[in-house]
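Shown next, in C-alpha cells, is the structure this report addresses.
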Amino acid sequence: MPLAEKFDKKVEAAALPQKTKDQMRKFLADKEITDAQFKQILERVLKEFKSTRIEACEAVGVIAAQSIGEPGTQMTMRTFHYAGVAEINVTLGLPRLIEIMDARKEPSTPTMTVFLEPDYNNDRDRAREVSWQIEAAPLHEFGDITTDMENMHVIVHLNTKVCDKRKISPMEVMENAPKKIRDRRHYRDFEHDIDEAKATIIFTPKDKESYQNLFQLAEHVRNVIVQGIDDILRVVVRKETGEYILYTEGSNLEGVFGIAGVDKKRTRSNNISEIAQVLGVEAAREAIIHEAESTLNEQGILVDVRHLMLVADMMCMEGEVKQIGRHGIAGEKESVLSRAAFEVTVNHLLDAAVANEVDELSGVTENVIVGQPIQLGTGDVKLIAVRQHDN
C-alpha cells in the first residue's frame, strides 16, 4: 500500500473533526516523512485536540459572556473611522459590536468588500468597468438637464463621451431613465420623447398647467439612477495584496452577484440580515463571527473565536438570526425567572401568572435567584440514597 494512502486511512480513523483531518492531509501531501514521524504528529494532534475540549457541565455561556463583556468595557465609543479607505466611513468600536449583537436589520454604515475574478483583479481598467456597473450613477452625470418653462419641458442632452467612458450606450441610458422613474421612484405623471440622433430625451408633465409638476418632474429626472445598483452610492477601487478590490458605500449582495467579473465566493457585506436573506442562516452565522472578531481585533482586543462562535450559534440556532436582547434569545427563554431577571420584570411575571406557567429551575439565572446550586459543575452531581432490603 502506498505511504500516502496509508496516511489517509490513519487520518480518517482518528477521532478528529473533519476540518482538522483536511488540514492534516493538506499538510502531509507535500511532506517526506517516515511512518514513525507520522505517528508522532498524529499523537500530538490528538493530544492537543483533547486538551482543548471542554469538560462536561462547563458553564460555557457564563465564560463566553465574561470573555466578550470584560474587554468590551475597554472599547472606544468612536462611531466613524477611516478603515484604510479614504472616502468611505464605517462604524467601528462599541457601536458596531452592539449592532451585531442586536441583529439590526440595517447597519448604520452598510458597506461591501467586492473581490474580483482573476481576469479582472489585476487590470485597473477592467476593475473600474466593474465598479461602474455597481456604483449608482444618476442621470445628471451623463449630460446637461435644462428646464424649459415656456414649453413645459425637461430636456436632457446626453454627453456621448461620458457614455463611452462608462461603457454604456446613449440609447440604453435614454431607455433606462423613464423606466426607472416609473419603477423605482414611483412617479408616473409624465410623457417622454426620445431623439436618438441628437442623444436627447424630452420629458413633459401630463398636467401642463402646473409649474410645481414641472419642477417635481425635473427633480426626478436629475436623480434617477440609470446605471449601477440603486443602493450602492459610491465605489472605491484599491489595490491590496497584489489585486484590485472594490469597497462600496451601501450594500446589495444580490445585485452585485449579478455583475460579471465579481468573485461571489470571496465578496462579503457587513449587513448580516441581508446575508441571511440571500445566502442563508449558515452564511449569516459566519458573518456574525467574522464581523465581531474584526471589530474586536481592530481595537486591539483578542477574544478566543470559540466564544464568538457560541454567541453566533445561539443567535442562529432556530434557522433565523435573532438578537441577544429581550426581543430575541433573552426574551424567549422557557424560564419565567430568567426572562424577568433580564428586562421588564413585572410584565414577564404578570404574563406568566396569567398563563399559569411553571418554572422548572433548570438554568443558571433562576437557580441563583432562588438561592440554590446551579445545575452545572459539581451542582450537576446528585447522590441518591438507596435502601437495600434483605432477601
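Chain identifiers are assigned as A, B, and so on, following the order in which chains appear in the C-alpha cells; residues are numbered from 1 within each chain, and ligands are numbered from 1 in order of appearance.
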For Ile229 in chain A: contacts at 10 Å, only C-alpha atoms, fewer than 5 positions along chain excluded, given as number ranges by chain: A: 132-137, 250-252, 255-256, 259
His186 in chain A environment, 12 Å, only C-alpha atoms, sequence neighbours closer than 4 positions dropped, as a PyMOL selection string: chain A and resi 178-182+190+217+220+224
All residues 12 Å or closer to Leu116 in chain A, only C-alpha atoms, same chain fewer than 3 positions away omitted, as a PDB file with N, CA and C atoms, in the first residue's frame:
```pdb
ATOM      1  N   THR A 113     -17.218  44.568   0.620  1.00  0.00           N
ATOM      2  CA  THR A 113     -15.877  44.370   0.074  1.00  0.00           C
ATOM      3  C   THR A 113     -16.038  43.414  -1.097  1.00  0.00           C
ATOM      4  N   ASP A 119      -9.478  37.336 -14.104  1.00  0.00           N
ATOM      5  CA  ASP A 119      -9.362  38.126 -15.337  1.00  0.00           C
ATOM      6  C   ASP A 119      -9.516  39.625 -15.084  1.00  0.00           C
ATOM      7  N   TYR A 120     -10.064  39.999 -13.942  1.00  0.00           N
ATOM      8  CA  TYR A 120     -10.361  41.409 -13.657  1.00  0.00           C
ATOM      9  C   TYR A 120      -9.484  42.001 -12.556  1.00  0.00           C
ATOM     10  N   ASN A 121      -9.028  41.166 -11.611  1.00  0.00           N
ATOM     11  CA  ASN A 121      -8.420  41.743 -10.404  1.00  0.00           C
ATOM     12  C   ASN A 121      -6.980  42.234 -10.570  1.00  0.00           C
ATOM     13  N   ASN A 122      -6.377  42.030 -11.751  1.00  0.00           N
ATOM     14  CA  ASN A 122      -5.026  42.549 -11.990  1.00  0.00           C
ATOM     15  C   ASN A 122      -5.005  43.694 -13.002  1.00  0.00           C
ATOM     16  N   ASP A 123      -6.163  44.050 -13.528  1.00  0.00           N
ATOM     17  CA  ASP A 123      -6.276  45.093 -14.556  1.00  0.00           C
ATOM     18  C   ASP A 123      -7.126  46.234 -14.005  1.00  0.00           C
ATOM     19  N   ARG A 124      -6.510  47.395 -13.788  1.00  0.00           N
ATOM     20  CA  ARG A 124      -7.246  48.522 -13.181  1.00  0.00           C
ATOM     21  C   ARG A 124      -8.418  48.969 -14.044  1.00  0.00           C
ATOM     22  N   ARG A 126     -10.265  47.194 -16.148  1.00  0.00           N
ATOM     23  CA  ARG A 126     -11.371  46.235 -16.055  1.00  0.00           C
ATOM     24  C   ARG A 126     -12.035  46.301 -14.680  1.00  0.00           C
ATOM     25  N   ALA A 127     -11.218  46.528 -13.637  1.00  0.00           N
ATOM     26  CA  ALA A 127     -11.779  46.684 -12.288  1.00  0.00           C
ATOM     27  C   ALA A 127     -12.664  47.930 -12.229  1.00  0.00           C
ATOM     28  N   ARG A 128     -12.228  49.010 -12.895  1.00  0.00           N
ATOM     29  CA  ARG A 128     -13.022  50.234 -12.944  1.00  0.00           C
ATOM     30  C   ARG A 128     -14.328  50.013 -13.699  1.00  0.00           C
ATOM     31  N   GLU A 129     -14.286  49.203 -14.769  1.00  0.00           N
ATOM     32  CA  GLU A 129     -15.513  48.890 -15.530  1.00  0.00           C
ATOM     33  C   GLU A 129     -16.531  48.179 -14.625  1.00  0.00           C
ATOM     34  N   VAL A 130     -16.032  47.237 -13.805  1.00  0.00           N
ATOM     35  CA  VAL A 130     -16.928  46.534 -12.879  1.00  0.00           C
ATOM     36  C   VAL A 130     -17.512  47.526 -11.876  1.00  0.00           C
ATOM     37  N   SER A 131     -16.678  48.449 -11.403  1.00  0.00           N
ATOM     38  CA  SER A 131     -17.165  49.438 -10.423  1.00  0.00           C
ATOM     39  C   SER A 131     -18.257  50.313 -11.012  1.00  0.00           C
ATOM     40  N   VAL A 237     -11.958  51.895  -5.772  1.00  0.00           N
ATOM     41  CA  VAL A 237     -11.087  50.805  -6.236  1.00  0.00           C
ATOM     42  C   VAL A 237      -9.725  50.975  -5.584  1.00  0.00           C
ATOM     43  N   ARG A 238      -9.269  49.928  -4.888  1.00  0.00           N
ATOM     44  CA  ARG A 238      -7.945  49.984  -4.249  1.00  0.00           C
ATOM     45  C   ARG A 238      -7.167  48.711  -4.555  1.00  0.00           C
ATOM     46  N   LYS A 239      -5.854  48.867  -4.664  1.00  0.00           N
ATOM     47  CA  LYS A 239      -5.008  47.687  -4.882  1.00  0.00           C
ATOM     48  C   LYS A 239      -4.438  47.247  -3.549  1.00  0.00           C
ATOM     49  N   GLU A 243      -3.875  42.657  -5.719  1.00  0.00           N
ATOM     50  CA  GLU A 243      -5.073  42.627  -6.578  1.00  0.00           C
ATOM     51  C   GLU A 243      -5.954  43.833  -6.289  1.00  0.00           C
ATOM     52  N   TYR A 244      -6.806  44.157  -7.272  1.00  0.00           N
ATOM     53  CA  TYR A 244      -7.731  45.273  -7.102  1.00  0.00           C
ATOM     54  C   TYR A 244      -8.996  44.797  -6.391  1.00  0.00           C
ATOM     55  N   ILE A 245      -9.379  45.549  -5.361  1.00  0.00           N
ATOM     56  CA  ILE A 245     -10.573  45.225  -4.562  1.00  0.00           C
ATOM     57  C   ILE A 245     -11.483  46.451  -4.566  1.00  0.00           C
ATOM     58  N   LEU A 246     -12.796  46.222  -4.640  1.00  0.00           N
ATOM     59  CA  LEU A 246     -13.760  47.313  -4.624  1.00  0.00           C
ATOM     60  C   LEU A 246     -14.380  47.441  -3.230  1.00  0.00           C
ATOM     61  N   TYR A 247     -14.397  48.655  -2.700  1.00  0.00           N
ATOM     62  CA  TYR A 247     -15.076  48.939  -1.433  1.00  0.00           C
ATOM     63  C   TYR A 247     -16.288  49.821  -1.743  1.00  0.00           C
ATOM     64  N   VAL A 256     -25.019  42.790  -6.700  1.00  0.00           N
ATOM     65  CA  VAL A 256     -23.586  42.693  -7.007  1.00  0.00           C
ATOM     66  C   VAL A 256     -23.240  41.310  -7.552  1.00  0.00           C
ATOM     67  N   PHE A 257     -23.889  40.261  -7.032  1.00  0.00           N
ATOM     68  CA  PHE A 257     -23.619  38.906  -7.518  1.00  0.00           C
ATOM     69  C   PHE A 257     -24.000  38.739  -8.988  1.00  0.00           C
ATOM     70  N   ILE A 259     -23.321  40.878 -11.341  1.00  0.00           N
ATOM     71  CA  ILE A 259     -22.389  41.631 -12.191  1.00  0.00           C
ATOM     72  C   ILE A 259     -21.254  40.719 -12.649  1.00  0.00           C
ATOM     73  N   ALA A 260     -20.948  40.751 -13.949  1.00  0.00           N
ATOM     74  CA  ALA A 260     -19.851  39.932 -14.496  1.00  0.00           C
ATOM     75  C   ALA A 260     -18.521  40.395 -13.925  1.00  0.00           C
ATOM     76  N   GLY A 261     -17.669  39.430 -13.547  1.00  0.00           N
ATOM     77  CA  GLY A 261     -16.343  39.753 -13.031  1.00  0.00           C
ATOM     78  C   GLY A 261     -16.241  39.718 -11.528  1.00  0.00           C
ATOM     79  N   VAL A 262     -17.377  39.655 -10.818  1.00  0.00           N
ATOM     80  CA  VAL A 262     -17.368  39.637  -9.353  1.00  0.00           C
ATOM     81  C   VAL A 262     -17.121  38.212  -8.856  1.00  0.00           C
ATOM     82  N   ASP A 263     -16.185  38.069  -7.926  1.00  0.00           N
ATOM     83  CA  ASP A 263     -15.903  36.763  -7.317  1.00  0.00           C
ATOM     84  C   ASP A 263     -16.899  36.551  -6.167  1.00  0.00           C
ATOM     85  N   LYS A 264     -17.914  35.759  -6.422  1.00  0.00           N
ATOM     86  CA  LYS A 264     -19.012  35.576  -5.447  1.00  0.00           C
ATOM     87  C   LYS A 264     -18.550  34.842  -4.189  1.00  0.00           C
ATOM     88  N   LYS A 265     -17.506  34.023  -4.297  1.00  0.00           N
ATOM     89  CA  LYS A 265     -17.066  33.224  -3.147  1.00  0.00           C
ATOM     90  C   LYS A 265     -16.405  34.080  -2.065  1.00  0.00           C
ATOM     91  N   ARG A 266     -15.750  35.184  -2.476  1.00  0.00           N
ATOM     92  CA  ARG A 266     -14.999  35.983  -1.502  1.00  0.00           C
ATOM     93  C   ARG A 266     -15.693  37.300  -1.148  1.00  0.00           C
ATOM     94  N   THR A 267     -16.589  37.763  -1.992  1.00  0.00           N
ATOM     95  CA  THR A 267     -17.265  39.046  -1.746  1.00  0.00           C
ATOM     96  C   THR A 267     -18.098  38.969  -0.476  1.00  0.00           C
ATOM     97  N   ARG A 268     -18.023  40.015   0.349  1.00  0.00           N
ATOM     98  CA  ARG A 268     -18.764  39.997   1.607  1.00  0.00           C
ATOM     99  C   ARG A 268     -19.386  41.363   1.894  1.00  0.00           C
TER     100      ARG A 268
END
```
Which residue of A:Leu361, A:Val45, A:Val221, A:Val336 approaches Asp144 in chain A most closely, using only C-alpha atoms: A:Val221
Shell around range 197-206 of chain A at 9 Å using only C-alpha atoms, local window under 4 positions removed, as a ChimeraX atom specification: /A:151-160,170-171,174,178,189-193,210,213-214,217-218,221
Okay, now the selection with N, CA and C atoms, as a PDB file, in the first residue's frame?
```
ATOM      1  N   ASN A 151     -42.202  76.014 -22.692  1.00  0.00           N
ATOM      2  CA  ASN A 151     -42.869  74.882 -23.353  1.00  0.00           C
ATOM      3  C   ASN A 151     -43.205  73.730 -22.391  1.00  0.00           C
ATOM      4  N   MET A 152     -42.908  73.950 -21.115  1.00  0.00           N
ATOM      5  CA  MET A 152     -43.176  72.940 -20.084  1.00  0.00           C
ATOM      6  C   MET A 152     -42.475  71.607 -20.399  1.00  0.00           C
ATOM      7  N   HIS A 153     -41.149  71.698 -20.636  1.00  0.00           N
ATOM      8  CA  HIS A 153     -40.340  70.521 -20.939  1.00  0.00           C
ATOM      9  C   HIS A 153     -39.163  70.424 -19.982  1.00  0.00           C
ATOM     10  N   VAL A 154     -38.714  69.189 -19.720  1.00  0.00           N
ATOM     11  CA  VAL A 154     -37.410  68.946 -19.092  1.00  0.00           C
ATOM     12  C   VAL A 154     -36.568  68.247 -20.156  1.00  0.00           C
ATOM     13  N   ILE A 155     -35.502  68.934 -20.608  1.00  0.00           N
ATOM     14  CA  ILE A 155     -34.718  68.432 -21.744  1.00  0.00           C
ATOM     15  C   ILE A 155     -33.369  67.901 -21.244  1.00  0.00           C
ATOM     16  N   VAL A 156     -33.046  66.674 -21.662  1.00  0.00           N
ATOM     17  CA  VAL A 156     -31.778  66.039 -21.288  1.00  0.00           C
ATOM     18  C   VAL A 156     -30.929  65.871 -22.543  1.00  0.00           C
ATOM     19  N   HIS A 157     -29.739  66.539 -22.576  1.00  0.00           N
ATOM     20  CA  HIS A 157     -28.771  66.377 -23.674  1.00  0.00           C
ATOM     21  C   HIS A 157     -27.646  65.483 -23.156  1.00  0.00           C
ATOM     22  N   LEU A 158     -27.552  64.279 -23.691  1.00  0.00           N
ATOM     23  CA  LEU A 158     -26.530  63.343 -23.208  1.00  0.00           C
ATOM     24  C   LEU A 158     -25.165  63.669 -23.801  1.00  0.00           C
ATOM     25  N   ASN A 159     -24.123  63.491 -22.990  1.00  0.00           N
ATOM     26  CA  ASN A 159     -22.741  63.635 -23.435  1.00  0.00           C
ATOM     27  C   ASN A 159     -22.255  62.248 -23.840  1.00  0.00           C
ATOM     28  N   THR A 160     -22.115  62.030 -25.138  1.00  0.00           N
ATOM     29  CA  THR A 160     -21.781  60.682 -25.641  1.00  0.00           C
ATOM     30  C   THR A 160     -20.390  60.232 -25.182  1.00  0.00           C
ATOM     31  N   PRO A 170     -25.767  55.530 -25.283  1.00  0.00           N
ATOM     32  CA  PRO A 170     -26.745  56.595 -25.015  1.00  0.00           C
ATOM     33  C   PRO A 170     -28.186  56.087 -25.072  1.00  0.00           C
ATOM     34  N   MET A 171     -28.454  55.148 -26.000  1.00  0.00           N
ATOM     35  CA  MET A 171     -29.822  54.622 -26.127  1.00  0.00           C
ATOM     36  C   MET A 171     -30.237  53.860 -24.866  1.00  0.00           C
ATOM     37  N   MET A 174     -31.164  56.400 -22.288  1.00  0.00           N
ATOM     38  CA  MET A 174     -32.461  57.029 -22.595  1.00  0.00           C
ATOM     39  C   MET A 174     -33.636  56.085 -22.340  1.00  0.00           C
ATOM     40  N   PRO A 178     -36.754  56.792 -18.186  1.00  0.00           N
ATOM     41  CA  PRO A 178     -38.207  56.805 -17.924  1.00  0.00           C
ATOM     42  C   PRO A 178     -38.691  55.577 -17.167  1.00  0.00           C
ATOM     43  N   ASP A 189     -46.652  60.656 -13.661  1.00  0.00           N
ATOM     44  CA  ASP A 189     -47.405  61.739 -14.315  1.00  0.00           C
ATOM     45  C   ASP A 189     -46.544  62.481 -15.336  1.00  0.00           C
ATOM     46  N   PHE A 190     -46.020  61.738 -16.322  1.00  0.00           N
ATOM     47  CA  PHE A 190     -45.215  62.392 -17.365  1.00  0.00           C
ATOM     48  C   PHE A 190     -45.225  61.565 -18.646  1.00  0.00           C
ATOM     49  N   GLU A 191     -44.844  62.218 -19.731  1.00  0.00           N
ATOM     50  CA  GLU A 191     -44.634  61.557 -21.020  1.00  0.00           C
ATOM     51  C   GLU A 191     -43.214  61.877 -21.464  1.00  0.00           C
ATOM     52  N   HIS A 192     -42.665  61.074 -22.362  1.00  0.00           N
ATOM     53  CA  HIS A 192     -41.300  61.335 -22.819  1.00  0.00           C
ATOM     54  C   HIS A 192     -41.157  61.062 -24.308  1.00  0.00           C
ATOM     55  N   ASP A 193     -40.159  61.718 -24.897  1.00  0.00           N
ATOM     56  CA  ASP A 193     -39.902  61.587 -26.330  1.00  0.00           C
ATOM     57  C   ASP A 193     -38.397  61.467 -26.533  1.00  0.00           C
ATOM     58  N   SER A 210     -49.336  73.229 -14.458  1.00  0.00           N
ATOM     59  CA  SER A 210     -48.745  73.340 -13.115  1.00  0.00           C
ATOM     60  C   SER A 210     -47.219  73.365 -13.186  1.00  0.00           C
ATOM     61  N   ASN A 213     -45.607  70.686 -10.887  1.00  0.00           N
ATOM     62  CA  ASN A 213     -45.415  69.367 -11.508  1.00  0.00           C
ATOM     63  C   ASN A 213     -44.155  69.336 -12.357  1.00  0.00           C
ATOM     64  N   LEU A 214     -43.878  70.442 -13.065  1.00  0.00           N
ATOM     65  CA  LEU A 214     -42.686  70.525 -13.914  1.00  0.00           C
ATOM     66  C   LEU A 214     -41.415  70.429 -13.072  1.00  0.00           C
ATOM     67  N   LEU A 217     -41.029  66.945 -11.671  1.00  0.00           N
ATOM     68  CA  LEU A 217     -40.539  66.043 -12.712  1.00  0.00           C
ATOM     69  C   LEU A 217     -39.039  66.255 -12.936  1.00  0.00           C
ATOM     70  N   ALA A 218     -38.602  67.525 -12.958  1.00  0.00           N
ATOM     71  CA  ALA A 218     -37.180  67.836 -13.164  1.00  0.00           C
ATOM     72  C   ALA A 218     -36.318  67.218 -12.072  1.00  0.00           C
ATOM     73  N   VAL A 221     -36.030  63.505 -12.743  1.00  0.00           N
ATOM     74  CA  VAL A 221     -35.169  63.268 -13.904  1.00  0.00           C
ATOM     75  C   VAL A 221     -33.696  63.420 -13.516  1.00  0.00           C
TER      76      VAL A 221
END
```
Per-residue DSSP, range 73-310 of chain A, filtered to helix (DSSP H, G or I), as a VMD selection string: chain A and resid 93 to 101 124 to 134 139 to 142 160 to 165 170 to 183 211 to 223 253 to 257 272 to 279 281 to 298 305 to 310
Residues of the last selection are to be written out with C-alpha atoms, as an mmCIF file, in the first residue's frame.
```
data_model
loop_
_atom_site.group_PDB
_atom_site.id
_atom_site.type_symbol
_atom_site.label_atom_id
_atom_site.label_comp_id
_atom_site.auth_asym_id
_atom_site.auth_seq_id
_atom_site.Cartn_x
_atom_site.Cartn_y
_atom_site.Cartn_z
ATOM 1 C CA GLY A 93 -15.877 50.003 18.171
ATOM 2 C CA LEU A 94 -18.673 49.501 20.681
ATOM 3 C CA PRO A 95 -21.489 50.870 18.440
ATOM 4 C CA ARG A 96 -20.646 48.247 15.796
ATOM 5 C CA LEU A 97 -20.487 45.402 18.335
ATOM 6 C CA ILE A 98 -23.924 46.459 19.653
ATOM 7 C CA GLU A 99 -25.283 46.445 16.067
ATOM 8 C CA ILE A 100 -24.046 42.881 15.553
ATOM 9 C CA MET A 101 -25.443 41.536 18.844
ATOM 10 C CA ARG A 124 -7.246 48.522 -13.181
ATOM 11 C CA ASP A 125 -9.307 49.423 -16.268
ATOM 12 C CA ARG A 126 -11.371 46.235 -16.055
ATOM 13 C CA ALA A 127 -11.779 46.684 -12.288
ATOM 14 C CA ARG A 128 -13.022 50.234 -12.944
ATOM 15 C CA GLU A 129 -15.513 48.890 -15.530
ATOM 16 C CA VAL A 130 -16.928 46.534 -12.879
ATOM 17 C CA SER A 131 -17.165 49.438 -10.423
ATOM 18 C CA TRP A 132 -19.219 51.443 -12.955
ATOM 19 C CA GLN A 133 -21.636 48.520 -13.228
ATOM 20 C CA ILE A 134 -22.045 48.589 -9.419
ATOM 21 C CA LEU A 139 -28.842 60.866 -14.977
ATOM 22 C CA HIS A 140 -27.318 64.324 -14.354
ATOM 23 C CA GLU A 141 -23.826 62.748 -14.532
ATOM 24 C CA PHE A 142 -24.375 61.788 -18.178
ATOM 25 C CA THR A 160 -21.781 60.682 -25.641
ATOM 26 C CA LYS A 161 -18.126 60.849 -24.463
ATOM 27 C CA VAL A 162 -19.227 60.218 -20.870
ATOM 28 C CA CYS A 163 -21.387 57.294 -22.053
ATOM 29 C CA ASP A 164 -18.423 55.816 -23.980
ATOM 30 C CA LYS A 165 -16.131 56.210 -20.964
ATOM 31 C CA PRO A 170 -26.745 56.595 -25.015
ATOM 32 C CA MET A 171 -29.822 54.622 -26.127
ATOM 33 C CA GLU A 172 -29.562 52.403 -23.057
ATOM 34 C CA VAL A 173 -29.435 55.487 -20.811
ATOM 35 C CA MET A 174 -32.461 57.029 -22.595
ATOM 36 C CA GLU A 175 -34.456 53.809 -22.237
ATOM 37 C CA ASN A 176 -33.486 53.283 -18.590
ATOM 38 C CA ALA A 177 -34.376 56.792 -17.381
ATOM 39 C CA PRO A 178 -38.207 56.805 -17.924
ATOM 40 C CA LYS A 179 -38.482 53.153 -16.851
ATOM 41 C CA LYS A 180 -36.561 53.734 -13.604
ATOM 42 C CA ILE A 181 -38.564 56.899 -12.788
ATOM 43 C CA ARG A 182 -41.769 54.850 -13.017
ATOM 44 C CA ASP A 183 -40.466 51.677 -11.335
ATOM 45 C CA TYR A 211 -45.166 74.609 -12.670
ATOM 46 C CA GLN A 212 -44.986 72.564 -9.469
ATOM 47 C CA ASN A 213 -45.415 69.367 -11.508
ATOM 48 C CA LEU A 214 -42.686 70.525 -13.914
ATOM 49 C CA PHE A 215 -40.177 71.168 -11.108
ATOM 50 C CA GLN A 216 -41.118 67.881 -9.423
ATOM 51 C CA LEU A 217 -40.539 66.043 -12.712
ATOM 52 C CA ALA A 218 -37.180 67.836 -13.164
ATOM 53 C CA GLU A 219 -36.083 66.645 -9.713
ATOM 54 C CA HIS A 220 -36.972 63.025 -10.551
ATOM 55 C CA VAL A 221 -35.169 63.268 -13.904
ATOM 56 C CA ARG A 222 -31.979 64.686 -12.350
ATOM 57 C CA ASN A 223 -31.696 61.986 -9.668
ATOM 58 C CA LEU A 253 -25.461 41.382 -2.307
ATOM 59 C CA GLU A 254 -27.993 40.051 -4.815
ATOM 60 C CA GLY A 255 -27.390 42.923 -7.236
ATOM 61 C CA VAL A 256 -23.586 42.693 -7.007
ATOM 62 C CA PHE A 257 -23.619 38.906 -7.518
ATOM 63 C CA ILE A 272 -25.855 40.364 8.387
ATOM 64 C CA SER A 273 -29.619 40.456 7.808
ATOM 65 C CA GLU A 274 -29.094 40.738 4.045
ATOM 66 C CA ILE A 275 -26.593 37.853 4.100
ATOM 67 C CA ALA A 276 -29.194 35.673 5.859
ATOM 68 C CA GLN A 277 -31.818 36.517 3.209
ATOM 69 C CA VAL A 278 -29.556 35.968 0.185
ATOM 70 C CA LEU A 279 -27.178 33.183 1.308
ATOM 71 C CA VAL A 281 -28.501 31.264 8.011
ATOM 72 C CA GLU A 282 -25.137 29.401 7.888
ATOM 73 C CA ALA A 283 -23.572 32.283 5.951
ATOM 74 C CA ALA A 284 -25.122 34.737 8.444
ATOM 75 C CA ARG A 285 -23.530 32.775 11.330
ATOM 76 C CA GLU A 286 -20.098 33.014 9.674
ATOM 77 C CA ALA A 287 -20.689 36.748 9.092
ATOM 78 C CA ILE A 288 -21.520 37.328 12.789
ATOM 79 C CA ILE A 289 -18.284 35.585 13.818
ATOM 80 C CA HIS A 290 -16.189 37.466 11.218
ATOM 81 C CA GLU A 291 -17.719 40.896 11.939
ATOM 82 C CA ALA A 292 -17.449 40.529 15.742
ATOM 83 C CA GLU A 293 -13.859 39.254 15.541
ATOM 84 C CA SER A 294 -12.850 42.062 13.129
ATOM 85 C CA THR A 295 -14.457 44.719 15.350
ATOM 86 C CA LEU A 296 -12.680 43.450 18.482
ATOM 87 C CA ASN A 297 -9.311 42.962 16.719
ATOM 88 C CA GLU A 298 -9.435 46.465 15.258
ATOM 89 C CA VAL A 305 -13.046 32.774 18.451
ATOM 90 C CA ARG A 306 -14.878 29.904 20.213
ATOM 91 C CA HIS A 307 -16.663 32.386 22.488
ATOM 92 C CA LEU A 308 -17.865 34.305 19.430
ATOM 93 C CA MET A 309 -18.872 31.027 17.763
ATOM 94 C CA LEU A 310 -21.044 30.147 20.782
#
```
Range 374-381 of chain A surroundings by only C-alpha atoms, 10 Å radius, close-in-sequence under 3 positions cut, as a list in words: Glu55, Ala56, Cys57, Glu58, Ala59, Val60, Leu361, Ser362, Gly363, Val364, Thr365, Glu366, Asn367, Val368, Gly371 and Ile384 of chain A
Length of the CA of Ile54 in chain A to CA of Lys39 in chain A vector [Å]: 25.1 Å
Pairwise distance for CA of Gly228 in chain A and CA of Gly280 in chain A, rounded to one decimal in Å: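 So the answer is 25.0 Å.
Distance annotation: of A:Ile369, A:Met315, A:Ala353, A:Ile145, the residue with the minimal separation from Leu337 in chain A is A:Ile369; atom set is only C-alpha atoms.
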Those of range 136-384 of chain A in DSSP strand (DSSP E or B), formatted as a PyMOL selection string: chain A and resi 137-138+143-148+153-158+190-195+200-205+225-227+234-240+243-249+262+268-269
Contacts of range 16-18 of chain A at 10 Å (only C-alpha atoms; same-chain gap of 6+ positions) as a PyMOL selection string: chain A and resi 24+45-46+49-50
